[in-house]
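One structure is given below, encoded as structure tokens.
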Amino acid sequence: MSMAQTSDSFSQTRSEGIGTRLSDTLWRRPGLLLILLLLPPVLWLGIIYLGSLFALLLQSFFSIDHFTGLVNYEFTLKTYAELFTPANFDIILRTVTMAAICTLASAVIAFPIAYYAARYARGRWRAVFYLGIMMPLWSSYLVKIYAWKLILAKEGILTWALEGLHLNWLLDAYLSLPVVGGNSLSVSPTGTFIVFVYVWMPFMILPIQAALERVPPSMLEASGDLGARPAQTFRHVLFPLALPGIVAGSIFTFSLTLGDYIIPQIIGTSRLFIGQAVYQHQGIAGNIPLAAAFAVVPIVIMGFYLWGAKRMGAFNAL
Amino acid sequence: MRQTFITAVVSSITAAAVATGATAQMTAVGEGEGALSIVAWAGYIERGETDKSFDWVTKFEEATGCMVSVKTANTSDEMVALMNEGGFDLVTASGDASLRMIAGKRVQPINIDLIPSWNTVDDRLKEAPWHYVDGTHYGTPYMWGPNVLMYNTEAFAEAPTSWSVVFEETTLSDGQSNKGRVQAYDGPIHIADAANYLMFHKPELGIKDPYELTPDQYAAALDLLRGQRELVSRYWHDAFIQIDDFKNEGMAASGSWPFQVNLLKADNVPVASVIPEEGATGWADTTMLHVDSEHPNCAYKWMEHQLSSNLQSDLSVWFGAVPSVPAACTDGRGMQNQEGCDANGLAQFDKIKFWKTPVANCESQGECVPYYRWVSDYIGVIGGR
């Protein structure tokens, strides 16, 4: 009895309460609600993300005083000019080349896997495929790299296996090649390449698989019915339709390789990549302007890359 | 940048609030404040958790009531960054970090009269230039050690007598070249090792101090390092990666720390170490007190503890380092003995050039190549330029 009375009086006061008026206002002006909901994330993105990005960009227009090592807060393009000194330009070239080669190799390896997973794998096999592709993403990145270091080492598993097959002359011949070779796979550019391709592979397979799943099987059948050989069907039908997926995947592999600074530190020739250069100039030398200028390089490269990718239709599925 | 600015504002406010200003030093040690936070190298502050027999914290806590918390840092640069950030009392800084912190006014002068055991410190360290600046003490010596030449005893029939095995191509006693089988430290401070080698072998360059190089001397050191690049398959950065490389990559020789040598020996890997005829570079660490320390009484109690307790002796065994208190080698306060100290490099003190930050305004030559250049040029050398 008393309960009914209370709830009655409650609803009466509520109809004149501030909450109700607020809710009425928002109902009448949906735009206001939108602004209120969007404001926090926009502020977050604007201040935290873009703000720090611009702070970084700003730093790159300062320079370091070569004599005292102190930052000189005057606008100059000197730091950008430093990027083009031979030693620094090598780092950029090395990183971009590695990123490009890794991306190409990832696409070539990922395509058949994605094709099988999208077209033929059914039921339990499909689950196994998904698990197999995703599994490497669940384990620690560092553990995987250290595992690869042991696999590729001079006295590692791979050498041991090749010795058993009496094939180590093949490895030795390969390692004696200039540029790609080295004392062992784990200290050669090839080693860095292998690990990059392995680590970023899932990021390539999944978008390609998604793209292939959207290709209607009837199109491939129609192509065959019209007399196209499998190679022609692939070139003229399947590949163009899967291209957005490949380009989307390549954005991941390319940008991740551009920014990574851990793999080349553990596996490879000790020659620097862009990420390591940023880390060293910022952390060790206190040369923040040059570190910032280096950090701008991948941003510019990815800007062009995304622009190209957009033209190829990589974002049509979004 | 904004972060630095905020830190600067906050720390200047606290600096104004706390009585211990930038130049004032303590005049008396009072009651402990109940806590003490230390920035230290990994393995430097042990409380018996890694290995029961290595503990130099528990008794200190019981005696003083100062509860010790440790923040480990991997590089000198991390230590400088942490101290700039603030919130810590002490740091175990090497010579390439200590001068930067003194110049940056992140650490305060130490009143050695408040440390009763100060007179037991090795005389050669009491006024070492990496913590004693303009007649003022900025820290208490902690530990020191050499950067030794580690070699594989299967590749070398006899201990190498010169650093040339890591700088110049030679055929080792196992009949194979050293090419691809040596390593070098992946830090710009390694340029000093090259300069130290040249100081011995090319006296005409007139190098007086491997950390104070004129442009000509510096160029000669870089040339030597460019030749070394042809021999080095990987530069070592992380002590544990180097250990792995000596196990799995067939490495024959490298500059290293006694720490790695001891761990590899414990794993029955055939390695040994030596300080060659040219001498070696080394590190000497100093406990320094943050300018805004909130627990200065505990910090002074710790600096006394580090000199008088089992710390010097046991840490020397644990880390492969040399005590800053020579008596700790012999008086049985811990596990170390004379042979152990000698093995870690005690007798070689005079052959060691301790790490310090290269500065433009140098003592021996007037004008030298500053550390900033060392960093960018060493990157070039590793990149093959």
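To be explicit about the labels: the chains of the structure tokens are called A, B, and onward in the order shown, and within each one the residues are counted from 1, while ligands get numbers from 1 in the order they are shown.
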Counting only C-alpha atoms, which residues of chain B come no farther than 7 Å from chain A, as an mmCIF file with N, CA and C atoms, in the first residue's frame?
```
data_model
loop_
_atom_site.group_PDB
_atom_site.id
_atom_site.type_symbol
_atom_site.label_atom_id
_atom_site.label_comp_id
_atom_site.auth_asym_id
_atom_site.auth_seq_id
_atom_site.Cartn_x
_atom_site.Cartn_y
_atom_site.Cartn_z
ATOM 1 N N ASP B 77 71.299 5.259 -20.251
ATOM 2 C CA ASP B 77 70.349 6.267 -20.722
ATOM 3 C C ASP B 77 68.998 6.123 -20.036
ATOM 4 N N GLY B 180 83.694 -13.064 -38.964
ATOM 5 C CA GLY B 180 82.363 -13.579 -38.664
ATOM 6 C C GLY B 180 82.259 -14.242 -37.308
ATOM 7 N N SER B 233 79.808 -10.306 -36.989
ATOM 8 C CA SER B 233 78.556 -10.765 -37.588
ATOM 9 C C SER B 233 77.366 -10.146 -36.866
ATOM 10 N N ARG B 234 77.490 -9.946 -35.560
ATOM 11 C CA ARG B 234 76.423 -9.281 -34.829
ATOM 12 C C ARG B 234 77.020 -8.471 -33.683
ATOM 13 N N TYR B 235 76.526 -7.249 -33.503
ATOM 14 C CA TYR B 235 76.933 -6.437 -32.368
ATOM 15 C C TYR B 235 76.065 -6.816 -31.184
ATOM 16 N N ASN B 248 75.489 -20.809 -29.404
ATOM 17 C CA ASN B 248 74.887 -21.335 -30.632
ATOM 18 C C ASN B 248 75.438 -20.785 -31.938
ATOM 19 N N GLU B 249 76.250 -19.735 -31.872
ATOM 20 C CA GLU B 249 76.693 -19.138 -33.133
ATOM 21 C C GLU B 249 78.186 -19.342 -33.381
ATOM 22 N N GLY B 250 78.837 -20.150 -32.531
ATOM 23 C CA GLY B 250 80.253 -20.423 -32.745
ATOM 24 C C GLY B 250 81.145 -19.207 -32.614
ATOM 25 N N ALA B 360 82.396 17.940 -25.401
ATOM 26 C CA ALA B 360 83.109 18.795 -26.348
ATOM 27 C C ALA B 360 84.248 19.542 -25.649
ATOM 28 N N TYR B 372 77.271 13.180 -28.688
ATOM 29 C CA TYR B 372 76.247 13.258 -29.719
ATOM 30 C C TYR B 372 76.777 12.742 -31.069
ATOM 31 N N VAL B 375 77.340 8.895 -31.200
ATOM 32 C CA VAL B 375 76.127 8.109 -31.438
ATOM 33 C C VAL B 375 75.840 8.021 -32.926
ATOM 34 N N GLY B 380 76.465 4.876 -38.267
ATOM 35 C CA GLY B 380 76.988 4.781 -39.624
ATOM 36 C C GLY B 380 77.962 3.622 -39.778
ATOM 37 N N ILE B 382 78.151 0.816 -38.052
ATOM 38 C CA ILE B 382 77.448 -0.463 -38.040
ATOM 39 C C ILE B 382 76.704 -0.663 -39.360
ATOM 40 N N GLY B 383 76.204 0.426 -39.925
ATOM 41 C CA GLY B 383 75.510 0.336 -41.212
ATOM 42 C C GLY B 383 76.450 0.151 -42.391
ATOM 43 N N ARG B 385 79.133 2.285 -43.206
ATOM 44 C CA ARG B 385 79.612 3.546 -43.801
ATOM 45 C C ARG B 385 80.954 3.956 -43.220
#
```
Near B:Glu212, counting only C-alpha atoms, which residues have an atom at most 8 Å away, once you skip same-chain residues fewer than 6 positions from it, shown as a list of chain:residue names?
-> B:Pro358, B:Val359, B:Cys362, B:Glu363, B:Ser364, B:Gln365, B:Cys368, B:Val369
Next, the residues of the selection above should be written as a PDB file, in the first residue's frame with C-alpha atoms.
```
ATOM      1  CA  PRO B 358      82.658  12.312 -23.980  1.00  0.00           C
ATOM      2  CA  VAL B 359      82.145  16.070 -23.893  1.00  0.00           C
ATOM      3  CA  CYS B 362      87.503  18.257 -22.599  1.00  0.00           C
ATOM      4  CA  GLU B 363      90.419  18.506 -20.199  1.00  0.00           C
ATOM      5  CA  SER B 364      93.281  16.841 -22.024  1.00  0.00           C
ATOM      6  CA  GLN B 365      92.953  18.392 -25.467  1.00  0.00           C
ATOM      7  CA  CYS B 368      86.949  17.043 -28.405  1.00  0.00           C
ATOM      8  CA  VAL B 369      84.269  15.225 -30.360  1.00  0.00           C
TER       9      VAL B 369
END
```
Excluding same-chain residues fewer than 5 positions from stretch 239-255 of chain A, what lies within 6 Å of it counting only C-alpha atoms, as a PDB file with N, CA and C atoms, in the first residue's frame?
```pdb
ATOM      1  N   ALA A  99      60.720  -3.850 -46.230  1.00  0.00           N
ATOM      2  CA  ALA A  99      59.262  -3.844 -46.106  1.00  0.00           C
ATOM      3  C   ALA A  99      58.621  -4.279 -47.422  1.00  0.00           C
ATOM      4  N   THR A 103      56.531  -7.756 -47.948  1.00  0.00           N
ATOM      5  CA  THR A 103      55.138  -7.663 -48.344  1.00  0.00           C
ATOM      6  C   THR A 103      54.863  -8.550 -49.551  1.00  0.00           C
ATOM      7  N   TRP A 200      54.399 -11.463 -39.586  1.00  0.00           N
ATOM      8  CA  TRP A 200      53.266 -10.680 -40.103  1.00  0.00           C
ATOM      9  C   TRP A 200      52.303 -11.497 -40.953  1.00  0.00           C
ATOM     10  N   PHE A 203      48.426 -11.339 -40.698  1.00  0.00           N
ATOM     11  CA  PHE A 203      47.831 -10.065 -41.107  1.00  0.00           C
ATOM     12  C   PHE A 203      47.615 -10.018 -42.617  1.00  0.00           C
ATOM     13  N   MET A 204      48.321 -10.869 -43.357  1.00  0.00           N
ATOM     14  CA  MET A 204      48.137 -10.931 -44.797  1.00  0.00           C
ATOM     15  C   MET A 204      47.068 -11.956 -45.153  1.00  0.00           C
ATOM     16  N   PRO A 207      42.895 -10.826 -44.454  1.00  0.00           N
ATOM     17  CA  PRO A 207      42.187  -9.980 -45.434  1.00  0.00           C
ATOM     18  C   PRO A 207      42.017 -10.656 -46.796  1.00  0.00           C
ATOM     19  N   ILE A 208      43.027 -11.425 -47.233  1.00  0.00           N
ATOM     20  CA  ILE A 208      42.892 -12.097 -48.531  1.00  0.00           C
ATOM     21  C   ILE A 208      41.763 -13.118 -48.464  1.00  0.00           C
ATOM     22  N   ALA A 211      38.506 -11.432 -48.714  1.00  0.00           N
ATOM     23  CA  ALA A 211      38.220 -10.989 -50.078  1.00  0.00           C
ATOM     24  C   ALA A 211      37.821 -12.167 -50.946  1.00  0.00           C
ATOM     25  N   LEU A 212      38.514 -13.295 -50.793  1.00  0.00           N
ATOM     26  CA  LEU A 212      38.222 -14.468 -51.628  1.00  0.00           C
ATOM     27  C   LEU A 212      36.846 -15.033 -51.322  1.00  0.00           C
ATOM     28  N   PHE A 234      42.469 -17.168 -63.282  1.00  0.00           N
ATOM     29  CA  PHE A 234      43.152 -16.561 -62.142  1.00  0.00           C
ATOM     30  C   PHE A 234      43.540 -15.121 -62.467  1.00  0.00           C
ATOM     31  N   GLY A 313      41.217   0.299 -54.592  1.00  0.00           N
ATOM     32  CA  GLY A 313      39.955  -0.204 -54.049  1.00  0.00           C
ATOM     33  C   GLY A 313      40.080  -1.013 -52.779  1.00  0.00           C
ATOM     34  N   ALA A 314      41.184  -0.812 -52.046  1.00  0.00           N
ATOM     35  CA  ALA A 314      41.384  -1.614 -50.847  1.00  0.00           C
ATOM     36  C   ALA A 314      40.353  -1.306 -49.767  1.00  0.00           C
TER      37      ALA A 314
END
```
Contacts of B:Pro296 within 10 Å, only C-alpha atoms, excl. fewer than 6 positions in-chain, as a short mmCIF file (atom, residue, chain, number, x, y, z; two decimals) with C-alpha atoms, in the first residue's frame:
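Dumped everything to result35.cif:
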```cif
data_model
loop_
_atom_site.label_atom_id
_atom_site.label_comp_id
_atom_site.auth_asym_id
_atom_site.auth_seq_id
_atom_site.Cartn_x
_atom_site.Cartn_y
_atom_site.Cartn_z
CA THR B 20 67.20 20.09 0.34
CA MET B 26 72.75 17.27 4.50
CA VAL B 29 71.43 11.95 9.47
CA GLY B 30 68.20 11.65 11.40
CA GLU B 31 65.64 8.89 11.83
CA GLY B 32 64.88 6.80 8.72
CA GLU B 33 61.75 7.74 6.79
CA ALA B 35 61.25 3.73 2.74
CA LEU B 36 63.97 3.95 0.10
CA ASP B 89 66.08 8.40 -3.94
CA LEU B 90 69.22 6.68 -5.20
CA LEU B 289 71.22 10.89 -4.31
CA HIS B 290 68.36 12.53 -6.17
CA TRP B 302 72.11 2.89 2.70
#
```
Using atom CA of A:Ala147 and atom CA of A:Asn168 as the two end points, give the distance in Å to one decimal.
->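 Computed distance, atom CA of A:Ala147 to atom CA of A:Asn168, equals 20.9 Å.
The gap separating atom CA of B:Val39 from atom CA of B:Asp285 is 12.0 Å, in Å to one decimal.
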Please identify which residues in stretch 155-323 of chain B DSSP calls alpha helix (DSSP H) from the backbone, and express them as a ChimeraX atom specification.
-> /B:164-167,191-201,215-229,239-248,258-266,296-308,311-319
Near-A:Ile194 list (10 Å; only C-alpha atoms; drop same-chain fewer than 2 positions) as a ChimeraX atom specification = /A:102,105-106,148,152,185-186,189-192,196-199,267
Any chance you could export the current selection's N, CA and C atoms as a tab-separated table (two decimals), in the first residue's frame?
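Output file out_18.tsv is given in full below:
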```tsv
chain	number	residue	atom	x	y	z
A	102	CYS	N	59.27	-8.10	-48.02
A	102	CYS	CA	58.48	-8.90	-47.08
A	102	CYS	C	57.02	-8.90	-47.50
A	105	ALA	N	56.59	-11.18	-50.58
A	105	ALA	CA	56.71	-12.59	-50.22
A	105	ALA	C	55.50	-13.04	-49.41
A	106	SER	N	55.03	-12.18	-48.49
A	106	SER	CA	53.87	-12.54	-47.68
A	106	SER	C	52.67	-12.78	-48.60
A	148	TRP	N	62.98	-18.26	-33.17
A	148	TRP	CA	63.58	-18.20	-34.52
A	148	TRP	C	65.08	-18.03	-34.46
A	152	LEU	N	67.55	-20.52	-36.48
A	152	LEU	CA	68.43	-20.05	-37.54
A	152	LEU	C	69.90	-20.01	-37.15
A	185	LEU	N	72.49	-17.89	-40.77
A	185	LEU	CA	71.20	-17.29	-41.14
A	185	LEU	C	70.74	-16.26	-40.12
A	186	SER	N	71.03	-16.52	-38.84
A	186	SER	CA	70.50	-15.62	-37.81
A	186	SER	C	71.21	-14.27	-37.79
A	189	PRO	N	70.77	-10.80	-43.50
A	189	PRO	CA	69.52	-10.12	-43.84
A	189	PRO	C	68.42	-11.13	-44.18
A	190	THR	N	68.81	-12.29	-44.71
A	190	THR	CA	67.80	-13.31	-45.02
A	190	THR	C	67.06	-13.73	-43.76
A	191	GLY	N	67.81	-13.85	-42.66
A	191	GLY	CA	67.18	-14.24	-41.39
A	191	GLY	C	66.14	-13.21	-40.97
A	192	THR	N	66.50	-11.94	-41.07
A	192	THR	CA	65.56	-10.88	-40.71
A	192	THR	C	64.30	-11.00	-41.58
A	196	PHE	N	60.46	-11.63	-40.31
A	196	PHE	CA	59.42	-10.63	-40.62
A	196	PHE	C	58.23	-11.30	-41.31
A	197	VAL	N	58.52	-12.10	-42.34
A	197	VAL	CA	57.45	-12.74	-43.11
A	197	VAL	C	56.62	-13.64	-42.19
A	198	TYR	N	57.32	-14.40	-41.33
A	198	TYR	CA	56.60	-15.30	-40.43
A	198	TYR	C	55.69	-14.51	-39.48
A	199	VAL	N	56.25	-13.46	-38.88
A	199	VAL	CA	55.50	-12.76	-37.82
A	199	VAL	C	54.29	-12.03	-38.38
A	267	ILE	N	67.67	-10.37	-34.67
A	267	ILE	CA	68.05	-11.21	-35.80
A	267	ILE	C	68.51	-10.33	-36.94
```
Which of stretch 1-189 of chain B fall in strand (DSSP E), as a ChimeraX atom specification | /B:35-41,67-73,90-93,132-133,136-137,140-146,148-152,182-185
Write the residues of the selection above to a file with N, CA and C atoms, as a compact mmCIF listing (two decimals), in the first residue's frame.
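Output (out_18.txt):
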```
# COMPACT_ATOMS: atom_id res chain seq x y z
N ALA B 35 61.24 4.25 4.12
CA ALA B 35 61.25 3.73 2.74
C ALA B 35 62.45 4.27 2.00
N LEU B 36 62.84 3.55 0.93
CA LEU B 36 63.97 3.95 0.10
C LEU B 36 63.79 3.34 -1.28
N SER B 37 63.81 4.16 -2.32
CA SER B 37 63.67 3.59 -3.67
C SER B 37 64.96 3.84 -4.45
N ILE B 38 65.41 2.76 -5.12
CA ILE B 38 66.72 2.79 -5.79
C ILE B 38 66.56 2.40 -7.25
N VAL B 39 67.15 3.18 -8.14
CA VAL B 39 67.26 2.78 -9.54
C VAL B 39 68.59 2.06 -9.68
N ALA B 40 68.56 0.80 -10.15
CA ALA B 40 69.79 0.01 -10.15
C ALA B 40 69.88 -0.89 -11.37
N TRP B 41 71.12 -1.33 -11.65
CA TRP B 41 71.32 -2.35 -12.69
C TRP B 41 70.71 -3.67 -12.21
N MET B 67 62.27 0.43 4.11
CA MET B 67 61.89 -0.64 3.20
C MET B 67 62.40 -0.29 1.79
N VAL B 68 63.20 -1.19 1.23
CA VAL B 68 63.86 -0.89 -0.04
C VAL B 68 62.99 -1.33 -1.22
N SER B 69 62.78 -0.44 -2.18
CA SER B 69 62.15 -0.85 -3.44
C SER B 69 63.12 -0.52 -4.57
N VAL B 70 63.14 -1.41 -5.58
CA VAL B 70 64.14 -1.30 -6.64
C VAL B 70 63.46 -1.14 -7.99
N LYS B 71 63.97 -0.23 -8.79
CA LYS B 71 63.55 -0.11 -10.19
C LYS B 71 64.78 -0.44 -11.03
N THR B 72 64.74 -1.55 -11.77
CA THR B 72 65.93 -1.90 -12.54
C THR B 72 65.93 -1.17 -13.88
N ALA B 73 67.12 -0.81 -14.33
CA ALA B 73 67.28 -0.14 -15.62
C ALA B 73 68.30 -0.94 -16.42
N LEU B 90 67.83 6.97 -4.83
CA LEU B 90 69.22 6.68 -5.20
C LEU B 90 69.29 6.07 -6.59
N VAL B 91 70.47 6.17 -7.20
CA VAL B 91 70.70 5.52 -8.49
C VAL B 91 72.13 4.99 -8.49
N THR B 92 72.34 3.79 -9.08
CA THR B 92 73.70 3.25 -9.17
C THR B 92 74.22 3.59 -10.56
N ALA B 93 74.74 4.80 -10.72
CA ALA B 93 75.06 5.32 -12.05
C ALA B 93 76.49 5.01 -12.47
N TYR B 132 83.24 13.20 -8.60
CA TYR B 132 83.83 14.27 -7.80
C TYR B 132 84.09 15.43 -8.75
N VAL B 133 83.22 16.45 -8.68
CA VAL B 133 83.29 17.55 -9.65
C VAL B 133 83.47 18.87 -8.91
N THR B 136 83.48 18.85 -5.17
CA THR B 136 82.27 18.39 -4.49
C THR B 136 82.02 16.91 -4.78
N HIS B 137 81.67 16.18 -3.72
CA HIS B 137 81.32 14.77 -3.89
C HIS B 137 79.85 14.65 -4.28
N THR B 140 78.63 7.92 -3.68
CA THR B 140 79.45 6.97 -2.96
C THR B 140 79.77 5.81 -3.89
N PRO B 141 81.04 5.49 -4.08
CA PRO B 141 81.40 4.39 -4.99
C PRO B 141 80.68 3.09 -4.63
N TYR B 142 80.17 2.40 -5.65
CA TYR B 142 79.41 1.16 -5.42
C TYR B 142 80.24 -0.05 -5.82
N MET B 143 80.43 -0.24 -7.13
CA MET B 143 81.15 -1.40 -7.63
C MET B 143 81.86 -0.97 -8.89
N TRP B 144 82.90 -1.70 -9.27
CA TRP B 144 83.49 -1.44 -10.59
C TRP B 144 83.94 -2.74 -11.23
N GLY B 145 84.22 -2.67 -12.51
CA GLY B 145 84.67 -3.87 -13.20
C GLY B 145 85.18 -3.54 -14.59
N PRO B 146 85.96 -4.44 -15.15
CA PRO B 146 86.53 -4.19 -16.48
C PRO B 146 85.63 -4.74 -17.60
N VAL B 148 86.13 -7.07 -20.22
CA VAL B 148 87.19 -8.04 -20.51
C VAL B 148 87.09 -8.56 -21.94
N LEU B 149 88.15 -9.19 -22.40
CA LEU B 149 88.13 -9.89 -23.68
C LEU B 149 87.75 -11.35 -23.40
N MET B 150 86.56 -11.71 -23.81
CA MET B 150 86.12 -13.10 -23.62
C MET B 150 86.49 -13.89 -24.86
N TYR B 151 86.99 -15.10 -24.68
CA TYR B 151 87.35 -15.91 -25.85
C TYR B 151 86.98 -17.36 -25.62
N ASN B 152 86.81 -18.05 -26.74
CA ASN B 152 86.48 -19.46 -26.69
C ASN B 152 87.79 -20.25 -26.61
N VAL B 182 83.64 -12.84 -34.34
CA VAL B 182 83.85 -11.94 -33.21
C VAL B 182 82.64 -11.01 -33.07
N GLN B 183 82.50 -10.46 -31.88
CA GLN B 183 81.41 -9.52 -31.62
C GLN B 183 81.97 -8.23 -31.04
N ALA B 184 81.17 -7.18 -31.11
CA ALA B 184 81.55 -5.92 -30.48
C ALA B 184 80.31 -5.34 -29.81
N TYR B 185 80.54 -4.46 -28.85
CA TYR B 185 79.43 -3.88 -28.09
C TYR B 185 78.65 -2.91 -28.97
```
To one decimal in Å, tell me the separation between atom CA of A:Ala118 and atom CA of A:Glu213.
->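 Spanning atom CA of A:Ala118 to atom CA of A:Glu213 is a straight-line distance of 5.5 Å.
Every protein or nucleic acid residue with an atom no more than 10 Å from A:Pro136, counting only C-alpha atoms and leaving out same-chain residues fewer than 4 positions away, appears here: Leu131, Gly132, Ser140, Tyr141, Lys144, Tyr198, Val199, Trp200, Met201 and Pro202 of chain A.
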Would you write out those residues with C-alpha atoms, as a PDB file, in the first residue's frame?
```pdb
ATOM      1  CA  LEU A 131      43.364 -21.678 -35.383  1.00  0.00           C
ATOM      2  CA  GLY A 132      46.571 -22.336 -37.287  1.00  0.00           C
ATOM      3  CA  SER A 140      54.332 -13.619 -27.176  1.00  0.00           C
ATOM      4  CA  TYR A 141      56.054 -11.797 -29.986  1.00  0.00           C
ATOM      5  CA  LYS A 144      58.613 -16.259 -31.245  1.00  0.00           C
ATOM      6  CA  TYR A 198      56.602 -15.295 -40.433  1.00  0.00           C
ATOM      7  CA  VAL A 199      55.503 -12.764 -37.824  1.00  0.00           C
ATOM      8  CA  TRP A 200      53.266 -10.680 -40.103  1.00  0.00           C
ATOM      9  CA  MET A 201      51.796 -13.594 -42.084  1.00  0.00           C
ATOM     10  CA  PRO A 202      48.398 -13.731 -40.295  1.00  0.00           C
TER      11      PRO A 202
END
```
